[in-house]
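Colleague: See target_35.cif below, with mmCIF, C-alpha atoms.
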```cif
data_upload
#
loop_
_atom_site.group_PDB
_atom_site.id
_atom_site.type_symbol
_atom_site.label_atom_id
_atom_site.label_comp_id
_atom_site.auth_asym_id
_atom_site.auth_seq_id
_atom_site.Cartn_x
_atom_site.Cartn_y
_atom_site.Cartn_z
ATOM 1 C CA MET Y 101 -15.940 25.899 1.304
ATOM 2 C CA ALA Y 102 -17.609 24.051 -1.556
ATOM 3 C CA GLN Y 103 -17.302 20.268 -1.718
ATOM 4 C CA LEU Y 104 -14.535 19.304 -4.106
ATOM 5 C CA GLY Y 105 -16.051 16.003 -5.224
ATOM 6 C CA ASN Y 106 -17.216 17.514 -8.507
ATOM 7 C CA PRO Y 107 -15.315 18.818 -11.554
ATOM 8 C CA THR Y 108 -16.584 22.431 -11.444
ATOM 9 C CA ASN Y 109 -15.437 23.140 -7.887
ATOM 10 C CA THR Y 110 -12.123 21.376 -8.441
ATOM 11 C CA ILE Y 111 -11.388 23.376 -11.610
ATOM 12 C CA GLU Y 112 -12.293 26.623 -9.781
ATOM 13 C CA VAL Y 113 -9.785 25.888 -7.002
ATOM 14 C CA LEU Y 114 -7.045 24.930 -9.480
ATOM 15 C CA LYS Y 115 -7.645 28.170 -11.443
ATOM 16 C CA LYS Y 116 -7.797 30.336 -8.316
ATOM 17 C CA TYR Y 117 -4.358 29.140 -7.244
ATOM 18 C CA GLN Y 118 -2.994 28.748 -10.803
ATOM 19 C CA PHE Y 119 -1.979 25.246 -9.817
ATOM 20 C CA ASN Y 120 0.277 23.285 -12.154
ATOM 21 C CA PHE Y 121 0.220 19.501 -11.984
ATOM 22 C CA GLN Y 122 3.577 18.000 -11.062
ATOM 23 C CA LYS Y 123 4.376 14.981 -13.183
ATOM 24 C CA ARG Y 124 7.050 13.843 -10.711
ATOM 25 C CA TYR Y 125 4.398 13.510 -7.974
ATOM 26 C CA GLY Y 126 1.985 11.567 -10.203
ATOM 27 C CA GLN Y 127 -0.899 13.895 -9.395
ATOM 28 C CA ASN Y 128 -4.416 12.858 -10.447
ATOM 29 C CA PHE Y 129 -7.298 14.379 -8.481
ATOM 30 C CA LEU Y 130 -10.611 12.557 -8.048
ATOM 31 C CA ILE Y 131 -13.688 14.353 -9.338
ATOM 32 C CA ASP Y 132 -16.455 11.868 -8.629
ATOM 33 C CA SER Y 133 -18.376 12.220 -5.370
ATOM 34 C CA HIS Y 134 -19.940 8.758 -5.781
ATOM 35 C CA ILE Y 135 -16.470 7.143 -5.815
ATOM 36 C CA LEU Y 136 -15.380 9.241 -2.817
ATOM 37 C CA GLU Y 137 -18.353 8.028 -0.793
ATOM 38 C CA LYS Y 138 -17.558 4.432 -1.759
ATOM 39 C CA ILE Y 139 -13.940 4.826 -0.578
ATOM 40 C CA ILE Y 140 -15.091 6.118 2.832
ATOM 41 C CA GLU Y 141 -17.492 3.173 3.013
ATOM 42 C CA ALA Y 142 -14.786 0.665 1.983
ATOM 43 C CA ALA Y 143 -12.406 2.056 4.630
ATOM 44 C CA GLU Y 144 -15.176 1.729 7.264
ATOM 45 C CA VAL Y 145 -14.288 5.136 8.706
ATOM 46 C CA THR Y 146 -16.168 6.026 11.918
ATOM 47 C CA LYS Y 147 -16.163 8.863 14.475
ATOM 48 C CA ASP Y 148 -13.791 6.761 16.631
ATOM 49 C CA ASP Y 149 -11.084 6.732 13.973
ATOM 50 C CA CYS Y 150 -7.836 8.557 13.516
ATOM 51 C CA VAL Y 151 -7.137 8.427 9.767
ATOM 52 C CA LEU Y 152 -3.817 8.995 8.039
ATOM 53 C CA GLU Y 153 -4.319 10.261 4.502
ATOM 54 C CA ILE Y 154 -1.335 10.049 2.176
ATOM 55 C CA GLY Y 155 -1.289 12.595 -0.654
ATOM 56 C CA PRO Y 156 -4.430 14.691 -0.006
ATOM 57 C CA GLY Y 157 -3.867 16.791 -3.162
ATOM 58 C CA ILE Y 158 -6.255 19.736 -2.967
ATOM 59 C CA GLY Y 159 -8.223 18.129 -0.117
ATOM 60 C CA THR Y 160 -10.992 16.380 -2.073
ATOM 61 C CA MET Y 161 -11.049 13.140 -0.076
ATOM 62 C CA THR Y 162 -9.819 14.935 3.052
ATOM 63 C CA GLN Y 163 -13.139 16.806 3.263
ATOM 64 C CA TYR Y 164 -15.062 13.519 3.182
ATOM 65 C CA LEU Y 165 -12.733 11.917 5.729
ATOM 66 C CA ALA Y 166 -13.011 14.914 8.077
ATOM 67 C CA GLU Y 167 -16.794 14.550 8.089
ATOM 68 C CA HIS Y 168 -16.649 10.868 9.017
ATOM 69 C CA ALA Y 169 -13.556 10.487 11.235
ATOM 70 C CA ARG Y 170 -12.599 11.828 14.648
ATOM 71 C CA GLU Y 171 -9.298 13.127 13.327
ATOM 72 C CA VAL Y 172 -7.454 13.239 9.999
ATOM 73 C CA ILE Y 173 -3.707 13.629 9.541
ATOM 74 C CA ALA Y 174 -2.965 14.438 5.905
ATOM 75 C CA VAL Y 175 0.629 14.138 4.666
ATOM 76 C CA GLU Y 176 1.355 16.047 1.438
ATOM 77 C CA ILE Y 177 4.798 16.201 -0.204
ATOM 78 C CA ASP Y 178 4.073 19.072 -2.650
ATOM 79 C CA LYS Y 179 4.489 22.386 -0.817
ATOM 80 C CA SER Y 180 2.603 24.309 -3.525
ATOM 81 C CA LEU Y 181 -0.547 22.451 -2.353
ATOM 82 C CA ILE Y 182 -0.264 23.595 1.287
ATOM 83 C CA PRO Y 183 -1.959 27.047 0.836
ATOM 84 C CA ILE Y 184 -4.732 25.356 -1.191
ATOM 85 C CA LEU Y 185 -5.301 22.797 1.593
ATOM 86 C CA GLU Y 186 -5.423 25.583 4.202
ATOM 87 C CA ASP Y 187 -8.239 27.111 2.159
ATOM 88 C CA THR Y 188 -10.224 23.977 1.185
ATOM 89 C CA LEU Y 189 -9.999 22.517 4.718
ATOM 90 C CA SER Y 190 -10.541 25.757 6.656
ATOM 91 C CA ALA Y 191 -14.010 24.621 7.798
ATOM 92 C CA TYR Y 192 -12.635 21.523 9.563
ATOM 93 C CA ASP Y 193 -10.932 21.698 12.950
ATOM 94 C CA ASN Y 194 -10.127 17.964 13.030
ATOM 95 C CA VAL Y 195 -7.550 17.976 10.208
ATOM 96 C CA THR Y 196 -3.778 18.407 10.500
ATOM 97 C CA VAL Y 197 -1.777 18.851 7.297
ATOM 98 C CA ILE Y 198 1.895 17.855 7.335
ATOM 99 C CA ASN Y 199 4.106 18.973 4.439
ATOM 100 C CA GLU Y 200 6.487 16.030 4.271
ATOM 101 C CA ASP Y 201 7.481 12.926 2.314
ATOM 102 C CA ILE Y 202 5.445 10.059 3.831
ATOM 103 C CA LEU Y 203 8.507 7.784 3.636
ATOM 104 C CA LYS Y 204 10.258 10.108 6.119
ATOM 105 C CA VAL Y 205 7.398 10.500 8.608
ATOM 106 C CA ASP Y 206 7.517 8.641 11.929
ATOM 107 C CA ILE Y 207 3.995 7.238 11.689
ATOM 108 C CA ALA Y 208 4.316 5.165 14.874
ATOM 109 C CA ALA Y 209 5.073 8.381 16.811
ATOM 110 C CA LEU Y 210 2.047 10.079 15.178
ATOM 111 C CA ALA Y 211 -0.213 7.161 16.150
ATOM 112 C CA ALA Y 212 1.115 7.282 19.711
ATOM 113 C CA GLU Y 213 0.573 11.027 19.981
ATOM 114 C CA ARG Y 214 -2.795 11.346 18.202
ATOM 115 C CA ASN Y 215 -4.412 7.972 18.822
ATOM 116 C CA GLY Y 216 -2.923 6.757 22.097
ATOM 117 C CA GLY Y 217 -0.960 4.095 20.178
ATOM 118 C CA ARG Y 218 -4.192 2.441 18.991
ATOM 119 C CA PRO Y 219 -4.306 1.270 15.360
ATOM 120 C CA ILE Y 220 -4.940 3.984 12.795
ATOM 121 C CA LYS Y 221 -6.587 3.614 9.389
ATOM 122 C CA VAL Y 222 -4.726 4.664 6.273
ATOM 123 C CA VAL Y 223 -6.613 6.018 3.250
ATOM 124 C CA ALA Y 224 -4.848 7.187 0.104
ATOM 125 C CA ASN Y 225 -5.008 7.814 -3.611
ATOM 126 C CA LEU Y 226 -1.418 6.757 -4.327
ATOM 127 C CA PRO Y 227 0.744 7.778 -7.263
ATOM 128 C CA TYR Y 228 1.573 4.616 -9.165
ATOM 129 C CA TYR Y 229 5.345 4.945 -9.060
ATOM 130 C CA ILE Y 230 5.514 4.875 -5.261
ATOM 131 C CA THR Y 231 2.702 2.493 -4.288
ATOM 132 C CA THR Y 232 4.893 -0.454 -3.287
ATOM 133 C CA PRO Y 233 7.487 1.444 -1.168
ATOM 134 C CA ILE Y 234 4.719 3.191 0.767
ATOM 135 C CA ILE Y 235 2.702 0.046 1.481
ATOM 136 C CA MET Y 236 5.744 -2.015 2.403
ATOM 137 C CA GLY Y 237 7.096 0.836 4.514
ATOM 138 C CA LEU Y 238 3.834 0.927 6.487
ATOM 139 C CA PHE Y 239 3.825 -2.829 7.076
ATOM 140 C CA GLU Y 240 7.526 -3.378 7.707
ATOM 141 C CA SER Y 241 7.824 -0.587 10.257
ATOM 142 C CA HIS Y 242 5.108 -2.338 12.297
ATOM 143 C CA VAL Y 243 3.088 0.856 12.654
ATOM 144 C CA PRO Y 244 -0.185 0.154 14.536
ATOM 145 C CA LEU Y 245 -2.626 -0.162 11.613
ATOM 146 C CA SER Y 246 -6.080 -1.642 11.329
ATOM 147 C CA SER Y 247 -6.386 -1.226 7.556
ATOM 148 C CA ILE Y 248 -5.009 0.475 4.469
ATOM 149 C CA THR Y 249 -7.609 1.492 1.862
ATOM 150 C CA ILE Y 250 -5.943 2.757 -1.268
ATOM 151 C CA MET Y 251 -6.626 3.729 -4.823
ATOM 152 C CA VAL Y 252 -3.937 2.206 -7.021
ATOM 153 C CA GLN Y 253 -3.377 1.195 -10.623
ATOM 154 C CA LYS Y 254 -5.734 -1.700 -11.341
ATOM 155 C CA GLU Y 255 -2.858 -3.952 -12.344
ATOM 156 C CA VAL Y 256 -1.157 -3.375 -8.947
ATOM 157 C CA ALA Y 257 -4.390 -4.169 -7.092
ATOM 158 C CA ASP Y 258 -4.636 -7.422 -9.082
ATOM 159 C CA ARG Y 259 -1.052 -8.315 -8.138
ATOM 160 C CA MET Y 260 -1.723 -7.733 -4.439
ATOM 161 C CA GLN Y 261 -4.527 -10.261 -4.300
ATOM 162 C CA SER Y 262 -3.177 -12.872 -6.738
ATOM 163 C CA GLY Y 263 -2.504 -16.465 -5.718
ATOM 164 C CA PRO Y 264 0.142 -19.029 -6.774
ATOM 165 C CA GLY Y 265 0.335 -20.096 -10.414
ATOM 166 C CA THR Y 266 -1.152 -16.885 -11.841
ATOM 167 C CA LYS Y 267 0.785 -14.400 -13.994
ATOM 168 C CA ASP Y 268 0.165 -11.560 -11.508
ATOM 169 C CA TYR Y 269 1.481 -13.521 -8.524
ATOM 170 C CA GLY Y 270 4.831 -12.282 -7.275
ATOM 171 C CA ALA Y 271 6.847 -10.749 -4.443
ATOM 172 C CA LEU Y 272 4.269 -7.988 -3.872
ATOM 173 C CA SER Y 273 1.374 -10.495 -3.593
ATOM 174 C CA LEU Y 274 3.252 -12.495 -0.962
ATOM 175 C CA ALA Y 275 4.463 -9.485 1.006
ATOM 176 C CA VAL Y 276 0.969 -7.979 1.195
ATOM 177 C CA GLN Y 277 -0.669 -11.317 2.046
ATOM 178 C CA TYR Y 278 1.866 -11.930 4.825
ATOM 179 C CA TYR Y 279 0.592 -8.829 6.624
ATOM 180 C CA ALA Y 280 -2.990 -8.325 5.486
ATOM 181 C CA LYS Y 281 -6.080 -9.691 3.778
ATOM 182 C CA PRO Y 282 -6.415 -7.887 0.415
ATOM 183 C CA GLU Y 283 -9.808 -7.232 -1.128
ATOM 184 C CA VAL Y 284 -10.562 -5.164 -4.232
ATOM 185 C CA MET Y 285 -13.571 -3.006 -3.321
ATOM 186 C CA LEU Y 286 -14.255 -1.230 -6.628
ATOM 187 C CA ASN Y 287 -12.787 -0.391 -10.028
ATOM 188 C CA VAL Y 288 -12.460 3.255 -11.066
ATOM 189 C CA SER Y 289 -12.303 4.472 -14.671
ATOM 190 C CA PRO Y 290 -9.795 7.097 -15.890
ATOM 191 C CA GLY Y 291 -12.666 9.570 -16.468
ATOM 192 C CA CYS Y 292 -13.073 10.030 -12.690
ATOM 193 C CA PHE Y 293 -9.820 12.022 -12.448
ATOM 194 C CA ILE Y 294 -8.265 15.341 -13.455
ATOM 195 C CA PRO Y 295 -5.965 14.943 -15.347
ATOM 196 C CA ARG Y 296 -7.138 11.708 -16.841
ATOM 197 C CA PRO Y 297 -4.628 8.868 -16.212
ATOM 198 C CA ASN Y 298 -3.774 6.420 -19.007
ATOM 199 C CA VAL Y 299 -4.782 3.359 -16.984
ATOM 200 C CA GLY Y 300 -7.713 2.106 -14.933
ATOM 201 C CA SER Y 301 -7.559 2.235 -11.135
ATOM 202 C CA ALA Y 302 -8.973 0.135 -8.320
ATOM 203 C CA VAL Y 303 -9.661 0.689 -4.639
ATOM 204 C CA ILE Y 304 -8.227 -2.135 -2.556
ATOM 205 C CA ARG Y 305 -8.548 -2.617 1.183
ATOM 206 C CA LEU Y 306 -5.760 -4.369 3.069
ATOM 207 C CA ALA Y 307 -7.136 -5.473 6.439
ATOM 208 C CA ARG Y 308 -4.146 -5.957 8.759
ATOM 209 C CA TYR Y 309 -3.935 -9.368 10.414
ATOM 210 C CA GLU Y 310 -3.757 -9.326 14.212
ATOM 211 C CA LYS Y 311 -1.563 -12.388 13.863
ATOM 212 C CA ASN Y 312 0.347 -13.103 10.642
ATOM 213 C CA PRO Y 313 -0.855 -16.276 8.830
ATOM 214 C CA VAL Y 314 2.658 -17.762 9.016
ATOM 215 C CA SER Y 315 5.469 -17.343 11.522
ATOM 216 C CA VAL Y 316 9.132 -17.538 10.555
ATOM 217 C CA LYS Y 317 12.514 -17.518 12.286
ATOM 218 C CA ASP Y 318 13.633 -14.464 10.334
ATOM 219 C CA GLU Y 319 11.197 -12.150 8.550
ATOM 220 C CA GLU Y 320 13.952 -10.319 6.690
ATOM 221 C CA TYR Y 321 15.333 -13.583 5.317
ATOM 222 C CA LEU Y 322 11.850 -14.675 4.193
ATOM 223 C CA PHE Y 323 11.413 -11.502 2.124
ATOM 224 C CA ALA Y 324 14.935 -11.730 0.680
ATOM 225 C CA LEU Y 325 14.114 -15.318 -0.337
ATOM 226 C CA ILE Y 326 10.803 -14.272 -1.929
ATOM 227 C CA ARG Y 327 12.430 -11.415 -3.869
ATOM 228 C CA ALA Y 328 15.167 -13.770 -5.133
ATOM 229 C CA ALA Y 329 12.554 -16.340 -6.201
ATOM 230 C CA PHE Y 330 10.845 -13.792 -8.486
ATOM 231 C CA ASN Y 331 13.886 -11.863 -9.700
ATOM 232 C CA GLN Y 332 14.096 -14.032 -12.802
ATOM 233 C CA ARG Y 333 10.708 -15.665 -13.218
ATOM 234 C CA ARG Y 334 11.819 -17.985 -16.020
ATOM 235 C CA LYS Y 335 14.438 -19.680 -13.842
ATOM 236 C CA THR Y 336 13.820 -22.605 -11.546
ATOM 237 C CA LEU Y 337 13.586 -21.765 -7.854
ATOM 238 C CA VAL Y 338 16.839 -23.630 -7.169
ATOM 239 C CA ASN Y 339 18.807 -21.521 -9.681
ATOM 240 C CA SER Y 340 17.195 -18.262 -8.521
ATOM 241 C CA LEU Y 341 18.096 -18.895 -4.881
ATOM 242 C CA VAL Y 342 21.609 -20.196 -5.518
ATOM 243 C CA ASN Y 343 22.383 -17.137 -7.694
ATOM 244 C CA ALA Y 344 21.119 -14.671 -5.064
ATOM 245 C CA LYS Y 345 24.256 -13.345 -3.362
ATOM 246 C CA ASN Y 346 22.565 -12.164 -0.165
ATOM 247 C CA LEU Y 347 21.021 -15.592 0.598
ATOM 248 C CA LYS Y 348 24.260 -17.624 0.615
ATOM 249 C CA ALA Y 349 22.229 -20.728 -0.258
ATOM 250 C CA GLU Y 350 24.059 -23.852 -1.455
ATOM 251 C CA LYS Y 351 22.482 -25.914 -4.244
ATOM 252 C CA GLU Y 352 22.465 -29.145 -2.174
ATOM 253 C CA GLU Y 353 20.853 -27.299 0.702
ATOM 254 C CA VAL Y 354 18.044 -25.909 -1.468
ATOM 255 C CA LEU Y 355 17.419 -29.283 -3.150
ATOM 256 C CA SER Y 356 17.295 -31.012 0.230
ATOM 257 C CA ALA Y 357 14.820 -28.423 1.587
ATOM 258 C CA LEU Y 358 12.572 -28.843 -1.482
ATOM 259 C CA GLU Y 359 12.657 -32.610 -1.029
ATOM 260 C CA LYS Y 360 11.589 -32.262 2.621
ATOM 261 C CA LEU Y 361 8.664 -30.118 1.423
ATOM 262 C CA SER Y 362 7.783 -32.724 -1.274
ATOM 263 C CA LEU Y 363 8.421 -30.153 -4.004
ATOM 264 C CA SER Y 364 9.984 -30.809 -7.406
ATOM 265 C CA PRO Y 365 13.616 -29.712 -7.916
ATOM 266 C CA MET Y 366 12.399 -28.073 -11.160
ATOM 267 C CA ILE Y 367 9.694 -25.967 -9.482
ATOM 268 C CA ARG Y 368 9.514 -22.201 -10.049
ATOM 269 C CA GLY Y 369 8.892 -19.599 -7.377
ATOM 270 C CA GLU Y 370 5.462 -18.699 -8.760
ATOM 271 C CA ALA Y 371 4.139 -22.163 -7.794
ATOM 272 C CA LEU Y 372 4.840 -21.851 -4.040
ATOM 273 C CA THR Y 373 2.306 -20.698 -1.468
ATOM 274 C CA LEU Y 374 3.164 -18.287 1.353
ATOM 275 C CA GLU Y 375 3.201 -21.263 3.768
ATOM 276 C CA GLN Y 376 5.698 -23.125 1.542
ATOM 277 C CA PHE Y 377 7.944 -20.064 1.293
ATOM 278 C CA ALA Y 378 7.837 -19.734 5.098
ATOM 279 C CA ALA Y 379 8.829 -23.398 5.569
ATOM 280 C CA LEU Y 380 11.603 -23.100 2.964
ATOM 281 C CA SER Y 381 12.870 -19.927 4.637
ATOM 282 C CA ASP Y 382 13.103 -21.697 8.006
ATOM 283 C CA PHE Y 383 15.005 -24.630 6.433
ATOM 284 C CA LEU Y 384 17.556 -22.343 4.762
ATOM 285 C CA CYS Y 385 17.868 -19.570 7.326
ATOM 286 C CA LYS Y 386 20.920 -19.863 9.561
ATOM 287 C CA LYS Y 387 19.520 -17.594 12.272
ATOM 288 C CA GLY Y 388 18.893 -19.331 15.600
ATOM 289 C CA ASP Y 389 20.633 -22.523 14.459
#
```
Starting from the file, lay out its structure as structure tokens.
Modeller:
Amino acid sequence: MAQLGNPTNTIEVLKKYQFNFQKRYGQNFLIDSHILEKIIEAAEVTKDDCVLEIGPGIGTMTQYLAEHAREVIAVEIDKSLIPILEDTLSAYDNVTVINEDILKVDIAALAAERNGGRPIKVVANLPYYITTPIIMGLFESHVPLSSITIMVQKEVADRMQSGPGTKDYGALSLAVQYYAKPEVMLNVSPGCFIPRPNVGSAVIRLARYEKNPVSVKDEEYLFALIRAAFNQRRKTLVNSLVNAKNLKAEKEEVLSALEKLSLSPMIRGEALTLEQFAALSDFLCKKGD
């Protein structure tokens, strides 16, 4: 089977199977072999690795992964792509294709079965509309992961690695940085895809921490607090938290906690570091009291 990392071979496959792009799945297939090689390099894939690929499409990156990894498990939601993948991946005996929604797959069970419970690497070219649920789902379910290397909308990559006080800093930045060290590896122009997306993309690697940079009494409460803090960015942190129904935070309580942290009562959520959010969460959380 011809390598799919170039436009001619990709167009041939799409014509052969009369494939129609599904807007609801946000399908954009990579057609630049140079970028594909860089993604494999960024993900640091070796012959020891079991790689989970989310959204293999017609198998373009899957071919590259299969040549570098010990085993590849590719999860594809669109069943019309399954016969194409059987064809484009027929030369590789180390690839398993699963026709399923990644949000419904028991990845921990897959890692246990295929990789003896050792951490797997995740590589994906993610549709923009579902980037956050997939990444958070992977982290929150505590699947054994060593890294996630993903192609996302450039703006989302910027948000993941932003720090306090910047316009891109928000709940996603904090959630990602709680679990992993984010690093943008390369930017990718719209011309590297069929069909051409309207926005630029970036490949970002999230290297999972062995030990989270902060520890809290209640992880769930921390994330509820963070989401509340950014729900209405223009509001002060005090107002945001007091108005959040699920937090049950009293105004006096929040003001007292801010005072203990030497923070202004007028401060906004975007000014707090992850460490400050963790300390605030422990002050306000009732669990274990």
Colleague: Evaluating the PyMOL selection byres ((chain Y and resi 176) around 9) on the displayed file yields which residues, as a ChimeraX atom specification?
Modeller: /Y:153-157,174-175,177-179,181-182,197-202
Colleague: Quick one: distance from CA of Val145 (chain Y) to CA of His168 (chain Y) in Å, one decimal?
Modeller: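 Interatomic distance, CA of Val145 (chain Y) to CA of His168 (chain Y): 6.2 Å.
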Colleague: Carefully work through the PyMOL selection byres ((chain Y and resi 305) around 7) for this structure and note down the residues it includes, as a PyMOL selection string.
Modeller: chain Y and resi 143+247-250+282-285+303-304+306-307
Colleague: Counting all atoms listed in the file, which residues of region 283-352 of chain Y fall within 10 Å of region 106-119 of chain Y, and what is the closest atom pair for each with its distance in Å at one decimal, ordered by chain and rising number, as CSV?
Modeller:
```
residue,atom,partner,partner_atom,distance
Y:Cys292,CA,Y:Pro107,CA,9.1
Y:Phe293,CA,Y:Pro107,CA,8.8
Y:Ile294,CA,Y:Pro107,CA,8.1
```
Colleague: Rank nothing, just name the residue among Y:Gly159, Y:Pro264, Y:Gly216, Y:Pro365 nearest to Gly105 (chain Y), using only C-alpha atoms.
Modeller: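 Checking each of Y:Gly159, Y:Pro264, Y:Gly216, Y:Pro365 against Gly105 (chain Y), counting only C-alpha atoms, the winner is Y:Gly159.
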Colleague: From the options Y:Val288, Y:Leu238, Y:Ile131, Y:Leu380, which residue's atoms come nearest to Lys204 (chain Y), counting all atoms listed in the file?
Modeller: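 For Lys204 (chain Y), the nearest of the candidates is Y:Leu238.
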Colleague: Could you check which of Y:Ala169, Y:Val243, Y:Leu185, Y:Val223 is closest to Val205 (chain Y), using all atoms listed in the file?
Modeller: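 Using all atoms listed in the file, the shortest distance to Val205 (chain Y) belongs to Y:Val243.
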Colleague: Please provide the set of residues having any atom within 10 Å of Ser262 (chain Y), restricted to all atoms listed in the file, with same-chain residues fewer than 3 positions apart removed, written as an NGL selection string.
Modeller: :Y and (256-259 or 265-270 or 272-274 or 277 or 282)
